[in-house]
$ cat input02.cif   # mmCIF, C-alpha atoms
data_target
#
loop_
_atom_site.group_PDB
_atom_site.id
_atom_site.type_symbol
_atom_site.label_atom_id
_atom_site.label_comp_id
_atom_site.auth_asym_id
_atom_site.auth_seq_id
_atom_site.Cartn_x
_atom_site.Cartn_y
_atom_site.Cartn_z
ATOM 1 C CA MET A 1 1.056 15.928 -18.663
ATOM 2 C CA PHE A 2 3.531 14.515 -21.132
ATOM 3 C CA ILE A 3 6.441 12.683 -19.514
ATOM 4 C CA VAL A 4 9.511 11.189 -21.156
ATOM 5 C CA HIS A 5 12.778 9.688 -19.991
ATOM 6 C CA ILE A 6 15.365 10.097 -22.716
ATOM 7 C CA HIS A 7 18.232 7.644 -22.306
ATOM 8 C CA VAL A 8 21.501 8.796 -23.821
ATOM 9 C CA ASN A 9 24.774 6.900 -24.031
ATOM 10 C CA VAL A 10 27.620 9.337 -24.552
ATOM 11 C CA ARG A 11 31.078 8.622 -25.923
ATOM 12 C CA PRO A 12 33.349 8.475 -22.868
ATOM 13 C CA GLU A 13 35.725 11.174 -24.123
ATOM 14 C CA ARG A 14 32.818 13.631 -24.561
ATOM 15 C CA LEU A 15 31.187 13.460 -21.118
ATOM 16 C CA GLU A 16 32.208 16.953 -20.037
ATOM 17 C CA ASP A 17 31.119 18.460 -23.356
ATOM 18 C CA PHE A 18 27.781 16.671 -23.155
ATOM 19 C CA ILE A 19 27.165 17.842 -19.595
ATOM 20 C CA ARG A 20 27.965 21.440 -20.521
ATOM 21 C CA ALA A 21 25.645 21.459 -23.557
ATOM 22 C CA THR A 22 22.871 19.669 -21.689
ATOM 23 C CA ARG A 23 22.993 22.028 -18.678
ATOM 24 C CA GLU A 24 22.620 24.928 -21.109
ATOM 25 C CA ASN A 25 19.663 23.271 -22.829
ATOM 26 C CA ALA A 26 18.004 22.449 -19.491
ATOM 27 C CA ALA A 27 18.377 26.024 -18.208
ATOM 28 C CA ASN A 28 16.761 27.421 -21.356
ATOM 29 C CA SER A 29 14.076 24.740 -21.518
ATOM 30 C CA LEU A 30 12.982 25.515 -17.959
ATOM 31 C CA LYS A 31 12.071 29.007 -19.178
ATOM 32 C CA GLU A 32 9.482 27.585 -21.594
ATOM 33 C CA PRO A 33 5.985 28.017 -20.146
ATOM 34 C CA GLY A 34 5.030 24.409 -20.988
ATOM 35 C CA VAL A 35 8.018 22.781 -19.262
ATOM 36 C CA LYS A 36 7.357 21.591 -15.735
ATOM 37 C CA ARG A 37 10.598 19.666 -15.183
ATOM 38 C CA PHE A 38 13.822 19.162 -17.099
ATOM 39 C CA ASP A 39 16.078 17.043 -14.903
ATOM 40 C CA VAL A 40 19.325 15.437 -15.977
ATOM 41 C CA TYR A 41 20.750 12.340 -14.282
ATOM 42 C CA GLN A 42 24.043 10.530 -14.750
ATOM 43 C CA GLU A 43 24.255 6.856 -13.781
ATOM 44 C CA GLU A 44 26.742 6.348 -10.939
ATOM 45 C CA SER A 45 28.065 2.965 -12.014
ATOM 46 C CA SER A 46 27.949 3.755 -15.736
ATOM 47 C CA PRO A 47 28.787 7.466 -16.165
ATOM 48 C CA SER A 48 28.298 7.389 -19.938
ATOM 49 C CA HIS A 49 24.578 6.789 -19.382
ATOM 50 C CA PHE A 50 22.369 9.824 -18.814
ATOM 51 C CA VAL A 51 18.632 10.191 -18.368
ATOM 52 C CA LEU A 52 16.873 13.417 -19.318
ATOM 53 C CA GLU A 53 13.568 13.515 -17.439
ATOM 54 C CA GLU A 54 11.297 15.938 -19.245
ATOM 55 C CA ILE A 55 7.798 16.781 -18.022
ATOM 56 C CA TYR A 56 5.595 19.014 -20.171
ATOM 57 C CA VAL A 57 2.125 20.307 -19.403
ATOM 58 C CA ASN A 58 0.845 18.500 -22.527
ATOM 59 C CA GLN A 59 1.863 16.992 -25.858
ATOM 60 C CA GLU A 60 1.673 20.383 -27.582
ATOM 61 C CA ALA A 61 4.260 21.809 -25.178
ATOM 62 C CA ALA A 62 6.529 18.843 -25.917
ATOM 63 C CA ASN A 63 6.198 19.546 -29.637
ATOM 64 C CA SER A 64 6.865 23.263 -29.136
ATOM 65 C CA HIS A 65 10.070 22.430 -27.265
ATOM 66 C CA LYS A 66 11.461 20.816 -30.417
ATOM 67 C CA ASP A 67 10.887 24.067 -32.319
ATOM 68 C CA THR A 68 13.025 26.169 -29.973
ATOM 69 C CA ASP A 69 16.456 27.416 -30.923
ATOM 70 C CA HIS A 70 18.010 26.029 -27.734
ATOM 71 C CA TYR A 71 16.718 22.520 -28.508
ATOM 72 C CA LYS A 72 18.007 22.653 -32.076
ATOM 73 C CA ILE A 73 21.412 23.910 -30.890
ATOM 74 C CA TRP A 74 21.579 21.129 -28.286
ATOM 75 C CA ARG A 75 20.561 18.444 -30.799
ATOM 76 C CA ASN A 76 23.196 19.544 -33.295
ATOM 77 C CA THR A 77 25.881 20.051 -30.646
ATOM 78 C CA VAL A 78 25.497 16.647 -29.012
ATOM 79 C CA ASN A 79 24.875 14.695 -32.207
ATOM 80 C CA ASP A 80 28.441 13.464 -32.574
ATOM 81 C CA MET A 81 28.850 12.917 -28.815
ATOM 82 C CA MET A 82 26.392 10.003 -28.794
ATOM 83 C CA ALA A 83 27.778 6.467 -28.607
ATOM 84 C CA GLU A 84 24.463 5.190 -30.013
ATOM 85 C CA PRO A 85 21.050 6.646 -30.935
ATOM 86 C CA ARG A 86 19.151 7.936 -27.930
ATOM 87 C CA HIS A 87 16.107 6.085 -26.663
ATOM 88 C CA THR A 88 12.883 7.680 -25.399
ATOM 89 C CA VAL A 89 10.410 6.074 -22.988
ATOM 90 C CA ARG A 90 7.016 7.683 -22.365
ATOM 91 C CA TYR A 91 5.417 7.438 -18.939
ATOM 92 C CA THR A 92 2.141 8.152 -17.218
ATOM 93 C CA GLY A 93 2.594 9.908 -13.886
ATOM 94 C CA ILE A 94 1.010 7.894 -11.056
ATOM 95 C CA VAL A 95 2.552 10.118 -8.361
ATOM 96 C CA ILE A 96 4.315 13.353 -9.385
ATOM 97 C CA LYS A 97 5.552 15.995 -7.002
ATOM 98 C CA ASP A 98 5.089 19.509 -8.348
ATOM 99 C CA MET B 1 21.531 13.869 -2.479
ATOM 100 C CA PHE B 2 20.859 10.186 -2.978
ATOM 101 C CA ILE B 3 18.895 9.378 -6.130
ATOM 102 C CA VAL B 4 17.556 6.032 -7.291
ATOM 103 C CA HIS B 5 15.267 4.814 -10.034
ATOM 104 C CA ILE B 6 13.703 1.533 -8.972
ATOM 105 C CA HIS B 7 12.421 -0.444 -11.950
ATOM 106 C CA VAL B 8 9.574 -2.808 -11.137
ATOM 107 C CA ASN B 9 7.875 -5.278 -13.452
ATOM 108 C CA VAL B 10 4.479 -6.184 -12.041
ATOM 109 C CA ARG B 11 2.345 -9.213 -12.851
ATOM 110 C CA PRO B 12 -0.311 -7.953 -15.274
ATOM 111 C CA GLU B 13 -3.225 -9.121 -13.135
ATOM 112 C CA ARG B 14 -1.910 -7.162 -10.122
ATOM 113 C CA LEU B 15 -1.440 -3.690 -11.652
ATOM 114 C CA GLU B 16 -4.299 -2.047 -9.754
ATOM 115 C CA ASP B 17 -3.195 -3.603 -6.463
ATOM 116 C CA PHE B 18 0.379 -2.473 -7.047
ATOM 117 C CA ILE B 19 -0.682 1.082 -7.867
ATOM 118 C CA ARG B 20 -2.855 1.266 -4.737
ATOM 119 C CA ALA B 21 -0.077 0.003 -2.418
ATOM 120 C CA THR B 22 2.544 2.189 -4.071
ATOM 121 C CA ARG B 23 0.447 5.363 -3.860
ATOM 122 C CA GLU B 24 0.027 4.692 -0.139
ATOM 123 C CA ASN B 25 3.760 4.160 0.312
ATOM 124 C CA ALA B 26 4.589 7.312 -1.663
ATOM 125 C CA ALA B 27 2.172 9.455 0.360
ATOM 126 C CA ASN B 28 3.713 8.264 3.625
ATOM 127 C CA SER B 29 7.281 8.469 2.358
ATOM 128 C CA LEU B 30 6.795 12.109 1.354
ATOM 129 C CA LYS B 31 6.180 12.859 5.036
ATOM 130 C CA GLU B 32 9.706 11.683 5.948
ATOM 131 C CA PRO B 33 11.957 14.701 6.495
ATOM 132 C CA GLY B 34 14.757 13.181 4.377
ATOM 133 C CA VAL B 35 12.598 12.500 1.302
ATOM 134 C CA LYS B 36 12.724 15.185 -1.377
ATOM 135 C CA ARG B 37 10.839 13.342 -4.102
ATOM 136 C CA PHE B 38 8.971 10.062 -4.390
ATOM 137 C CA ASP B 39 7.519 9.914 -7.886
ATOM 138 C CA VAL B 40 5.926 6.895 -9.509
ATOM 139 C CA TYR B 41 5.786 6.412 -13.283
ATOM 140 C CA GLN B 42 4.085 3.752 -15.394
ATOM 141 C CA GLU B 43 5.428 3.087 -18.887
ATOM 142 C CA GLU B 44 2.813 3.939 -21.515
ATOM 143 C CA SER B 45 3.679 1.196 -24.004
ATOM 144 C CA SER B 46 4.436 -1.410 -21.331
ATOM 145 C CA PRO B 47 2.050 -0.808 -18.399
ATOM 146 C CA SER B 48 3.564 -3.585 -16.272
ATOM 147 C CA HIS B 49 6.760 -1.542 -15.999
ATOM 148 C CA PHE B 50 6.952 1.096 -13.278
ATOM 149 C CA VAL B 51 9.739 3.416 -12.161
ATOM 150 C CA LEU B 52 9.883 4.706 -8.604
ATOM 151 C CA GLU B 53 12.026 7.829 -8.604
ATOM 152 C CA GLU B 54 13.227 8.409 -5.061
ATOM 153 C CA ILE B 55 15.352 11.387 -4.072
ATOM 154 C CA TYR B 56 16.695 11.581 -0.519
ATOM 155 C CA VAL B 57 18.712 14.344 1.077
ATOM 156 C CA ASN B 58 21.532 11.845 1.707
ATOM 157 C CA GLN B 59 22.370 8.154 2.032
ATOM 158 C CA GLU B 60 21.359 8.126 5.695
ATOM 159 C CA ALA B 61 17.848 9.303 4.787
ATOM 160 C CA ALA B 62 17.624 6.522 2.201
ATOM 161 C CA ASN B 63 18.615 3.991 4.867
ATOM 162 C CA SER B 64 16.100 5.424 7.339
ATOM 163 C CA HIS B 65 13.334 5.031 4.763
ATOM 164 C CA LYS B 66 13.869 1.268 4.796
ATOM 165 C CA ASP B 67 13.295 1.231 8.549
ATOM 166 C CA THR B 68 9.853 2.815 8.349
ATOM 167 C CA ASP B 69 6.673 0.842 8.879
ATOM 168 C CA HIS B 70 5.171 2.097 5.618
ATOM 169 C CA TYR B 71 8.172 0.836 3.621
ATOM 170 C CA LYS B 72 8.039 -2.582 5.302
ATOM 171 C CA ILE B 73 4.297 -2.846 4.688
ATOM 172 C CA TRP B 74 4.778 -1.871 1.030
ATOM 173 C CA ARG B 75 7.629 -4.352 0.551
ATOM 174 C CA ASN B 76 5.627 -7.207 2.022
ATOM 175 C CA THR B 77 2.417 -6.228 0.227
ATOM 176 C CA VAL B 78 3.929 -5.997 -3.246
ATOM 177 C CA ASN B 79 6.309 -8.928 -2.890
ATOM 178 C CA ASP B 80 4.071 -11.420 -4.671
ATOM 179 C CA MET B 81 2.941 -8.851 -7.263
ATOM 180 C CA MET B 82 6.379 -8.695 -8.880
ATOM 181 C CA ALA B 83 6.903 -10.511 -12.184
ATOM 182 C CA GLU B 84 10.663 -10.478 -11.493
ATOM 183 C CA PRO B 85 13.032 -9.008 -8.881
ATOM 184 C CA ARG B 86 13.105 -5.240 -8.932
ATOM 185 C CA HIS B 87 16.172 -3.434 -10.217
ATOM 186 C CA THR B 88 17.686 -0.275 -8.727
ATOM 187 C CA VAL B 89 19.835 2.264 -10.613
ATOM 188 C CA ARG B 90 21.673 4.997 -8.714
ATOM 189 C CA TYR B 91 22.140 8.417 -10.295
ATOM 190 C CA THR B 92 24.012 11.634 -9.736
ATOM 191 C CA GLY B 93 21.840 14.688 -10.286
ATOM 192 C CA ILE B 94 23.330 16.971 -12.953
ATOM 193 C CA VAL B 95 20.208 19.164 -13.083
ATOM 194 C CA ILE B 96 17.467 18.684 -10.465
ATOM 195 C CA LYS B 97 14.469 20.942 -10.022
ATOM 196 C CA ASP B 98 13.500 21.380 -6.387
#
$ encode --input "input02.cif" --output "structure tokens"
Amino acid sequence: MFIVHIHVNVRPERLEDFIRATRENAANSLKEPGVKRFDVYQEESSPSHFVLEEIYVNQEAANSHKDTDHYKIWRNTVNDMMAEPRHTVRYTGIVIKD
Amino acid sequence: MFIVHIHVNVRPERLEDFIRATRENAANSLKEPGVKRFDVYQEESSPSHFVLEEIYVNQEAANSHKDTDHYKIWRNTVNDMMAEPRHTVRYTGIVIKD
């Protein structure tokens, strides 16, 4: 498995736009055969901070995701919504519920 | 739903002990009716850093979890394994896969 948490800080006036674009990307990403999970979280006490939790079957599936049209559309759409560059953290799964 | 990411920094010499105790706690927690997910992640580039991703059906279920024997055993067992106090972040789920 290939697991990342992508931390995104969004400009406060673009939260609704970001959520709309990211829901669309998640829905399409979940149709990829190599995507096991594509969750999106918004921090309660800091609503500009989102975490995209992406779990792929392997590194190759993670790479393939970046070649999809829906990823490229998302990346371009949200580019000017970011308050700062996004930050990716890779994890090993010690316990993962399917 | 009630969603938290609990960030834990473990003393490097206690990683195996922490993983063992936390696997046990996760397995028991997943038997609670109010627990939807109890995942445990270890950061690849910083293996002392763990994230416990806990999703409960509601706040009451999250409170009930803290009353269980397995939670109390875990809390007491890992207490002296922590390099620093653990840190909890609450999230709203924008997209959550069941």
$ atom_distance --input "input02.cif" --atom1 "atom CA of B:Glu16" --atom2 "atom CA of B:Val4"
23.4 Å
$ resolve_selection --input "input02.cif" --expression "the PyMOL selection byres ((chain B) within 10 of (chain A))" --output "JSON, numbers by chain"
{"B": [3, 4, 5, 19, 20, 22, 23, 26, 27, 30, 36, 37, 38, 39, 40, 41, 42, 43, 44, 45, 46, 47, 49, 50, 51, 52, 53, 89, 90, 91, 92, 93, 94, 95, 96, 97, 98]}
$ resolve_selection --input "input02.cif" --expression "the PyMOL selection byres ((chain B and resi 83) around 9)" --output "list in words"
Val8, Asn9, Val10, Arg11, Pro12, Ser48, Asp80, Met81, Met82, Glu84, Pro85 and Arg86 of chain B
$ atom_distance --input "input02.cif" --atom1 "atom CA of B:Tyr71" --atom2 "atom CA of B:His87"
16.5 Å
$ atom_distance --input "input02.cif" --atom1 "atom CA of A:Lys66" --atom2 "atom CA of B:His7"
28.2 Å
$ residues_around --input "input02.cif" --residues "B:Met1" --least-positions-apart "2" --cutoff "7 Å" --atoms "all atoms listed in the file" --output "ChimeraX atom specification"
/B:3,55-58
